[in-house]
$ cat start-v1.tsv   # TSV, C-alpha atoms
chain	number	residue	atom	x	y	z
O	1	MET	CA	53.34	-0.76	-4.39
O	2	GLU	CA	50.33	-2.67	-3.12
O	3	LYS	CA	50.16	-6.36	-3.87
O	4	LYS	CA	47.96	-7.40	-6.80
O	5	ASN	CA	44.78	-9.14	-5.61
O	6	CYS	CA	44.59	-12.15	-7.90
O	7	PHE	CA	41.59	-13.58	-6.05
O	8	LEU	CA	39.42	-10.52	-6.66
O	9	GLU	CA	40.47	-10.44	-10.31
O	10	ALA	CA	39.42	-14.09	-10.67
O	11	LEU	CA	36.13	-13.32	-8.94
O	12	ILE	CA	35.47	-10.47	-11.37
O	13	ARG	CA	36.15	-12.77	-14.34
O	14	ARG	CA	33.71	-15.44	-13.14
O	15	ARG	CA	30.51	-15.38	-15.14
O	16	THR	CA	27.47	-17.55	-15.83
O	17	ARG	CA	27.95	-19.43	-19.10
O	18	TYR	CA	24.86	-21.15	-20.46
O	19	VAL	CA	26.03	-22.15	-23.94
O	20	LEU	CA	28.49	-24.99	-23.35
O	21	THR	CA	29.91	-27.81	-25.44
O	22	ASP	CA	30.84	-31.34	-24.41
O	23	LYS	CA	34.53	-30.43	-24.72
O	24	SER	CA	36.85	-29.25	-21.96
O	25	PRO	CA	40.00	-27.14	-22.25
O	26	VAL	CA	41.57	-29.22	-19.48
O	27	SER	CA	41.67	-32.92	-18.66
O	28	ASP	CA	39.01	-34.65	-16.58
O	29	GLU	CA	41.71	-35.33	-14.00
O	30	THR	CA	42.32	-31.60	-13.66
O	31	LEU	CA	38.59	-30.93	-13.39
O	32	ILE	CA	38.22	-33.51	-10.63
O	33	GLN	CA	41.27	-32.21	-8.74
O	34	THR	CA	39.86	-28.68	-8.99
O	35	VAL	CA	36.58	-29.74	-7.41
O	36	GLN	CA	38.40	-31.71	-4.72
O	37	THR	CA	40.65	-28.79	-3.78
O	38	ALA	CA	37.85	-26.21	-3.81
O	39	VAL	CA	35.60	-28.36	-1.62
O	40	GLN	CA	38.43	-29.25	0.74
O	41	TYR	CA	39.48	-25.66	1.39
O	42	ALA	CA	36.09	-23.91	1.36
O	43	PRO	CA	35.22	-22.69	4.88
O	44	SER	CA	32.53	-24.32	6.98
O	45	ALA	CA	30.98	-23.51	10.35
O	46	PHE	CA	32.89	-25.17	13.21
O	47	ASN	CA	35.08	-26.70	10.48
O	48	SER	CA	32.25	-29.20	10.06
O	49	GLN	CA	33.16	-30.03	6.43
O	50	GLY	CA	29.64	-31.17	5.56
O	51	THR	CA	29.73	-30.24	1.88
O	52	ARG	CA	29.73	-33.17	-0.54
O	53	ALA	CA	30.16	-33.10	-4.32
O	54	LEU	CA	29.48	-35.63	-7.05
O	55	VAL	CA	31.24	-35.08	-10.38
O	56	LEU	CA	29.25	-36.57	-13.26
O	57	LEU	CA	30.99	-37.16	-16.58
O	58	ASN	CA	30.05	-38.75	-19.88
O	59	ALA	CA	26.98	-41.03	-19.67
O	60	ARG	CA	26.35	-40.29	-15.98
O	61	HIS	CA	26.22	-36.57	-16.71
O	62	LYS	CA	23.63	-37.11	-19.45
O	63	GLU	CA	21.73	-39.52	-17.22
O	64	PHE	CA	21.27	-36.82	-14.61
O	65	TRP	CA	19.71	-34.39	-17.07
O	66	GLN	CA	17.43	-37.13	-18.35
O	67	LEU	CA	16.22	-37.57	-14.77
O	68	VAL	CA	15.54	-33.83	-14.57
O	69	LEU	CA	13.72	-33.91	-17.90
O	70	ALA	CA	11.55	-36.83	-16.80
O	71	ALA	CA	10.65	-35.07	-13.54
O	72	LEU	CA	9.75	-31.84	-15.32
O	73	ARG	CA	7.64	-33.72	-17.85
O	74	GLN	CA	5.33	-34.62	-14.97
O	75	LEU	CA	4.84	-30.95	-14.10
O	76	VAL	CA	4.90	-28.97	-17.35
O	77	PRO	CA	1.94	-29.31	-19.77
O	78	ALA	CA	2.85	-31.14	-22.96
O	79	ASP	CA	1.89	-28.22	-25.19
O	80	LYS	CA	4.29	-25.96	-23.29
O	81	PHE	CA	7.11	-28.44	-22.80
O	82	ALA	CA	9.30	-27.57	-25.81
O	83	PRO	CA	11.13	-24.60	-24.18
O	84	THR	CA	11.75	-26.66	-21.05
O	85	GLU	CA	13.11	-29.54	-23.11
O	86	GLU	CA	15.38	-27.16	-25.02
O	87	LYS	CA	16.74	-25.70	-21.80
O	88	ILE	CA	17.52	-29.09	-20.28
O	89	ALA	CA	19.11	-30.20	-23.55
O	90	SER	CA	21.49	-27.24	-23.31
O	91	PHE	CA	22.68	-28.43	-19.91
O	92	ALA	CA	22.99	-32.02	-21.12
O	93	ALA	CA	25.12	-30.78	-24.03
O	94	ALA	CA	27.84	-29.72	-21.57
O	95	HIS	CA	30.89	-31.79	-20.66
O	96	GLY	CA	29.81	-32.69	-17.15
O	97	THR	CA	27.91	-31.66	-14.05
O	98	VAL	CA	28.88	-31.18	-10.42
O	99	LEU	CA	26.15	-31.99	-7.92
O	100	PHE	CA	26.54	-30.20	-4.58
O	101	PHE	CA	25.13	-31.73	-1.39
O	102	GLU	CA	25.24	-31.14	2.35
O	103	ASP	CA	25.53	-34.17	4.61
O	104	TRP	CA	22.61	-33.65	7.00
O	105	ASN	CA	24.14	-36.13	9.45
O	106	THR	CA	26.81	-33.48	9.99
O	107	VAL	CA	24.14	-30.86	10.65
O	108	ARG	CA	22.30	-33.09	13.13
O	109	ALA	CA	25.52	-33.99	14.96
O	110	LEU	CA	26.35	-30.32	15.43
O	111	GLN	CA	22.81	-29.57	16.60
O	112	ALA	CA	23.13	-32.29	19.23
O	113	LYS	CA	26.59	-31.14	20.33
O	114	PHE	CA	25.79	-27.41	20.40
O	115	PRO	CA	22.04	-27.12	21.15
O	116	ALA	CA	22.28	-23.36	21.72
O	117	TYR	CA	22.97	-22.97	17.99
O	118	LYS	CA	20.55	-25.67	16.85
O	119	ASP	CA	18.46	-23.45	14.59
O	120	ASN	CA	21.52	-21.90	12.95
O	121	PHE	CA	23.27	-25.02	11.71
O	122	PRO	CA	21.03	-25.62	8.66
O	123	LEU	CA	21.57	-22.01	7.58
O	124	TRP	CA	25.31	-22.27	8.13
O	125	ALA	CA	25.34	-25.49	6.10
O	126	TYR	CA	23.80	-23.66	3.13
O	127	GLN	CA	26.35	-20.88	3.54
O	128	SER	CA	29.21	-23.38	3.55
O	129	ASN	CA	27.82	-25.03	0.44
O	130	ALA	CA	27.53	-21.71	-1.35
O	131	MET	CA	31.18	-20.94	-0.62
O	132	ALA	CA	32.22	-24.29	-2.11
O	133	GLU	CA	30.05	-23.64	-5.17
O	134	LEU	CA	31.65	-20.24	-5.72
O	135	ALA	CA	35.13	-21.70	-5.23
O	136	VAL	CA	34.55	-24.40	-7.85
O	137	TRP	CA	32.86	-21.96	-10.23
O	138	THR	CA	35.65	-19.39	-10.02
O	139	ALA	CA	38.39	-22.01	-10.29
O	140	PHE	CA	36.69	-23.55	-13.34
O	141	ASN	CA	36.53	-20.14	-15.01
O	142	GLU	CA	40.25	-19.61	-14.46
O	143	LEU	CA	40.83	-22.87	-16.37
O	144	GLY	CA	38.68	-21.68	-19.27
O	145	VAL	CA	35.81	-23.94	-18.21
O	146	GLY	CA	32.36	-22.33	-18.37
O	147	ALA	CA	29.60	-23.18	-15.89
O	148	SER	CA	26.22	-22.15	-14.57
O	149	LEU	CA	24.41	-22.93	-11.33
O	150	GLN	CA	21.03	-24.67	-11.45
O	151	HIS	CA	18.52	-25.76	-8.82
O	152	TYR	CA	16.27	-28.68	-9.74
O	153	ASN	CA	16.20	-29.93	-6.18
O	154	PRO	CA	14.16	-31.21	-4.44
O	155	LEU	CA	12.39	-32.30	-7.62
O	156	VAL	CA	15.05	-34.90	-8.46
O	157	ASP	CA	16.42	-35.73	-5.01
O	158	GLU	CA	14.95	-39.22	-4.78
O	159	ALA	CA	15.84	-40.09	-8.37
O	160	VAL	CA	19.43	-38.97	-7.79
O	161	GLN	CA	19.70	-41.14	-4.68
O	162	HIS	CA	18.57	-44.22	-6.59
O	163	ALA	CA	20.50	-43.56	-9.81
O	164	PHE	CA	23.85	-42.62	-8.30
O	165	GLY	CA	23.86	-44.41	-4.94
O	166	VAL	CA	23.79	-41.17	-2.97
O	167	PRO	CA	23.10	-41.57	0.76
O	168	ALA	CA	19.68	-40.35	1.84
O	169	GLU	CA	21.40	-38.04	4.34
O	170	TRP	CA	23.01	-36.07	1.50
O	171	LYS	CA	20.72	-33.12	0.80
O	172	LEU	CA	20.99	-31.91	-2.81
O	173	ILE	CA	21.64	-28.16	-2.89
O	174	ALA	CA	22.68	-27.20	-6.44
O	175	GLN	CA	23.78	-28.49	-9.82
O	176	MET	CA	26.60	-27.05	-11.95
O	177	PRO	CA	26.82	-28.06	-15.62
O	178	PHE	CA	30.25	-27.23	-17.05
O	179	GLY	CA	32.13	-27.40	-20.34
O	180	ALA	CA	33.89	-25.31	-22.95
O	181	PRO	CA	31.93	-22.08	-23.49
O	182	SER	CA	30.85	-21.49	-27.07
O	183	ALA	CA	29.14	-18.10	-26.70
O	184	PRO	CA	29.96	-14.90	-24.83
O	185	ALA	CA	28.57	-14.36	-21.36
O	186	ALA	CA	25.56	-12.08	-21.12
O	187	GLU	CA	26.12	-8.49	-20.08
O	188	LYS	CA	26.16	-8.12	-16.31
O	189	THR	CA	24.69	-5.06	-14.63
O	190	PHE	CA	25.23	-3.88	-11.08
O	191	LEU	CA	23.35	-1.86	-8.51
O	192	PRO	CA	25.31	1.08	-7.12
O	193	ILE	CA	27.81	-0.45	-4.71
O	194	ASP	CA	27.27	2.36	-2.17
O	195	GLU	CA	23.73	1.05	-1.74
O	196	ARG	CA	25.03	-2.41	-0.90
O	197	VAL	CA	28.17	-1.73	1.12
O	198	LYS	CA	28.07	0.90	3.87
O	199	VAL	CA	31.15	2.16	5.67
O	200	LEU	CA	31.21	3.57	9.20
O	201	ASP	CA	34.44	5.20	10.30
O	202	ASP	CA	34.08	7.25	13.46
$ encode --input "start-v1.tsv" --output "C-alpha cells"
Amino acid sequence: MEKKNCFLEALIRRRTRYVLTDKSPVSDETLIQTVQTAVQYAPSAFNSQGTRALVLLNARHKEFWQLVLAALRQLVPADKFAPTEEKIASFAAAHGTVLFFEDWNTVRALQAKFPAYKDNFPLWAYQSNAMAELAVWTAFNELGVGASLQHYNPLVDEAVQHAFGVPAEWKLIAQMPFGAPSAPAAEKTFLPIDERVKVLDD
C-alpha cells in the first residue's frame, strides 16, 4: 500500500477565506509558532533565508488596516470609496495579519557574492517568499484558521516602516489577514490539468 500523502491533502484543503472574525480556534502562541516554523523551514535560494514576517495582533493588526485605508483614501474618489472601505473593514475584522517581507540586504549580498546570478536573485527572493506564504497559509488552514493573501504594497510600505519600526531594507511583499472563518469558501474551478502539466516519457 502506498503511503498517504498528508501534505498534498493539506494543500487541497487550503482555500482563500475572506469572511473572518476576530476569534481564533487556537492560541496566539500557537499562531506565532506556526508562522515561525513555516518561515524557518520554507526553502530559499542558496539557503539565503531572506524572508521576514511580522505578526500583527490586536490593536497593531487594526492599525495596519487603518494605514491601508488612509492610503487608499488618497487614491479612490470619495463618491466611490464605500466599497473600498467595506473591503478593508472586512480584513480589519479578522484576528490578525501576517506581513511578509524580503530583506533586500540579503539579495544585495548574494548579488555581490555571485555576480553571474545577479539578475536572478530578486526573482528567487520572490519565489522564496511565496513558498513561505503558502506554508503559513496551509498550516493555518490545518489549524482551522482562515486566511487570504492581499497586496497593498508598495502603497503602504513607508507607513509600515514608520508605524512598526520595520527596517527600510525589508521589502513588503504580501499581507495575510487571518482569523476564524465565518462563511464557506467560494467554489474553486480548475483548468484541465493536462494543459498545465505535460509529461514526457521516452
$ atom_distance --input "start-v1.tsv" --atom1 "atom CA of O:Glu63" --atom2 "atom CA of O:Gln127"
28.3 Å
$ closest_residue --input "start-v1.tsv" --among "O:Cys6, O:Ala45, O:Ala38, O:Ala163" --to "O:Trp124" --atoms "all atoms listed in the file"
O:Ala45
$ closest_residue --input "start-v1.tsv" --among "O:Glu187, O:Glu169, O:Asp22, O:Glu195" --to "O:Asp103" --atoms "all atoms listed in the file"
O:Glu169
$ closest_residue --input "start-v1.tsv" --among "O:Lys188, O:Lys87, O:His95, O:His61" --to "O:Gly146" --atoms "only C-alpha atoms"
O:His95
$ residues_near_point --input "start-v1.tsv" --point "(37.6, -26.4, -13.3)" --cutoff "10 Å" --atoms "all atoms listed in the file" --output "JSON, numbers by chain"
{"O": [24, 25, 26, 27, 28, 29, 30, 31, 32, 33, 34, 35, 38, 135, 136, 137, 138, 139, 140, 141, 142, 143, 144, 145, 146, 147, 178, 179]}
$ residues_around --input "start-v1.tsv" --residues "O:Leu56" --least-positions-apart "4" --cutoff "6 Å" --atoms "only C-alpha atoms" --output "ChimeraX atom specification"
/O:60-61,96-97
$ closest_residue --input "start-v1.tsv" --among "O:Val160, O:Leu200, O:Leu134, O:Val19" --to "O:Phe7" --atoms "all atoms listed in the file"
O:Leu134
$ build_atoms --input "start-v1.tsv" --residues "stretch 72-102 of chain O" --atoms "N, CA and C atoms" --output "compact mmCIF listing (two decimals), in the coordinates of the input"
# COMPACT_ATOMS: atom_id res chain seq x y z
N LEU O 72 10.43 -33.04 -14.84
CA LEU O 72 9.75 -31.84 -15.32
C LEU O 72 8.58 -32.19 -16.24
N ARG O 73 8.71 -33.30 -16.94
CA ARG O 73 7.64 -33.72 -17.85
C ARG O 73 6.34 -34.00 -17.07
N GLN O 74 6.50 -34.36 -15.80
CA GLN O 74 5.33 -34.62 -14.97
C GLN O 74 4.65 -33.34 -14.50
N LEU O 75 5.35 -32.22 -14.61
CA LEU O 75 4.84 -30.95 -14.10
C LEU O 75 4.41 -29.97 -15.18
N VAL O 76 5.13 -29.96 -16.30
CA VAL O 76 4.90 -28.97 -17.35
C VAL O 76 3.94 -29.54 -18.39
N PRO O 77 2.87 -28.82 -18.75
CA PRO O 77 1.94 -29.31 -19.77
C PRO O 77 2.65 -29.63 -21.08
N ALA O 78 2.20 -30.67 -21.74
CA ALA O 78 2.85 -31.14 -22.96
C ALA O 78 2.94 -30.06 -24.03
N ASP O 79 1.90 -29.25 -24.15
CA ASP O 79 1.89 -28.22 -25.19
C ASP O 79 2.81 -27.04 -24.88
N LYS O 80 3.36 -27.02 -23.67
CA LYS O 80 4.29 -25.96 -23.29
C LYS O 80 5.67 -26.50 -22.93
N PHE O 81 5.91 -27.77 -23.28
CA PHE O 81 7.11 -28.44 -22.80
C PHE O 81 8.34 -28.15 -23.66
N ALA O 82 8.16 -27.73 -24.89
CA ALA O 82 9.30 -27.57 -25.81
C ALA O 82 10.38 -26.64 -25.26
N PRO O 83 10.05 -25.46 -24.72
CA PRO O 83 11.13 -24.60 -24.18
C PRO O 83 11.86 -25.24 -23.01
N THR O 84 11.12 -25.97 -22.17
CA THR O 84 11.75 -26.66 -21.05
C THR O 84 12.71 -27.73 -21.56
N GLU O 85 12.27 -28.48 -22.54
CA GLU O 85 13.11 -29.54 -23.11
C GLU O 85 14.38 -28.96 -23.74
N GLU O 86 14.23 -27.82 -24.41
CA GLU O 86 15.38 -27.16 -25.02
C GLU O 86 16.38 -26.70 -23.97
N LYS O 87 15.87 -26.17 -22.87
CA LYS O 87 16.74 -25.70 -21.80
C LYS O 87 17.53 -26.84 -21.18
N ILE O 88 16.84 -27.94 -20.88
CA ILE O 88 17.52 -29.09 -20.28
C ILE O 88 18.52 -29.69 -21.26
N ALA O 89 18.18 -29.69 -22.53
CA ALA O 89 19.11 -30.20 -23.55
C ALA O 89 20.40 -29.38 -23.58
N SER O 90 20.29 -28.08 -23.32
CA SER O 90 21.49 -27.24 -23.31
C SER O 90 22.41 -27.61 -22.16
N PHE O 91 21.85 -27.98 -21.03
CA PHE O 91 22.68 -28.43 -19.91
C PHE O 91 23.29 -29.81 -20.20
N ALA O 92 22.50 -30.68 -20.79
CA ALA O 92 22.99 -32.02 -21.12
C ALA O 92 24.09 -31.97 -22.17
N ALA O 93 24.12 -30.91 -22.98
CA ALA O 93 25.12 -30.78 -24.03
C ALA O 93 26.50 -30.42 -23.48
N ALA O 94 26.57 -30.09 -22.19
CA ALA O 94 27.84 -29.72 -21.57
C ALA O 94 28.74 -30.94 -21.38
N HIS O 95 29.92 -30.70 -20.85
CA HIS O 95 30.89 -31.79 -20.66
C HIS O 95 30.61 -32.62 -19.43
N GLY O 96 30.07 -31.98 -18.40
CA GLY O 96 29.81 -32.69 -17.15
C GLY O 96 28.97 -31.84 -16.23
N THR O 97 28.70 -32.37 -15.05
CA THR O 97 27.91 -31.66 -14.05
C THR O 97 28.46 -31.98 -12.66
N VAL O 98 28.56 -30.97 -11.83
CA VAL O 98 28.88 -31.18 -10.42
C VAL O 98 27.59 -31.04 -9.62
N LEU O 99 27.27 -32.06 -8.85
CA LEU O 99 26.15 -31.99 -7.92
C LEU O 99 26.70 -31.64 -6.54
N PHE O 100 26.12 -30.63 -5.92
CA PHE O 100 26.54 -30.20 -4.58
C PHE O 100 25.51 -30.64 -3.55
N PHE O 101 25.98 -31.24 -2.48
CA PHE O 101 25.13 -31.73 -1.39
C PHE O 101 25.66 -31.20 -0.05
N GLU O 102 24.79 -31.27 0.96
CA GLU O 102 25.24 -31.14 2.35
C GLU O 102 24.85 -32.43 3.07
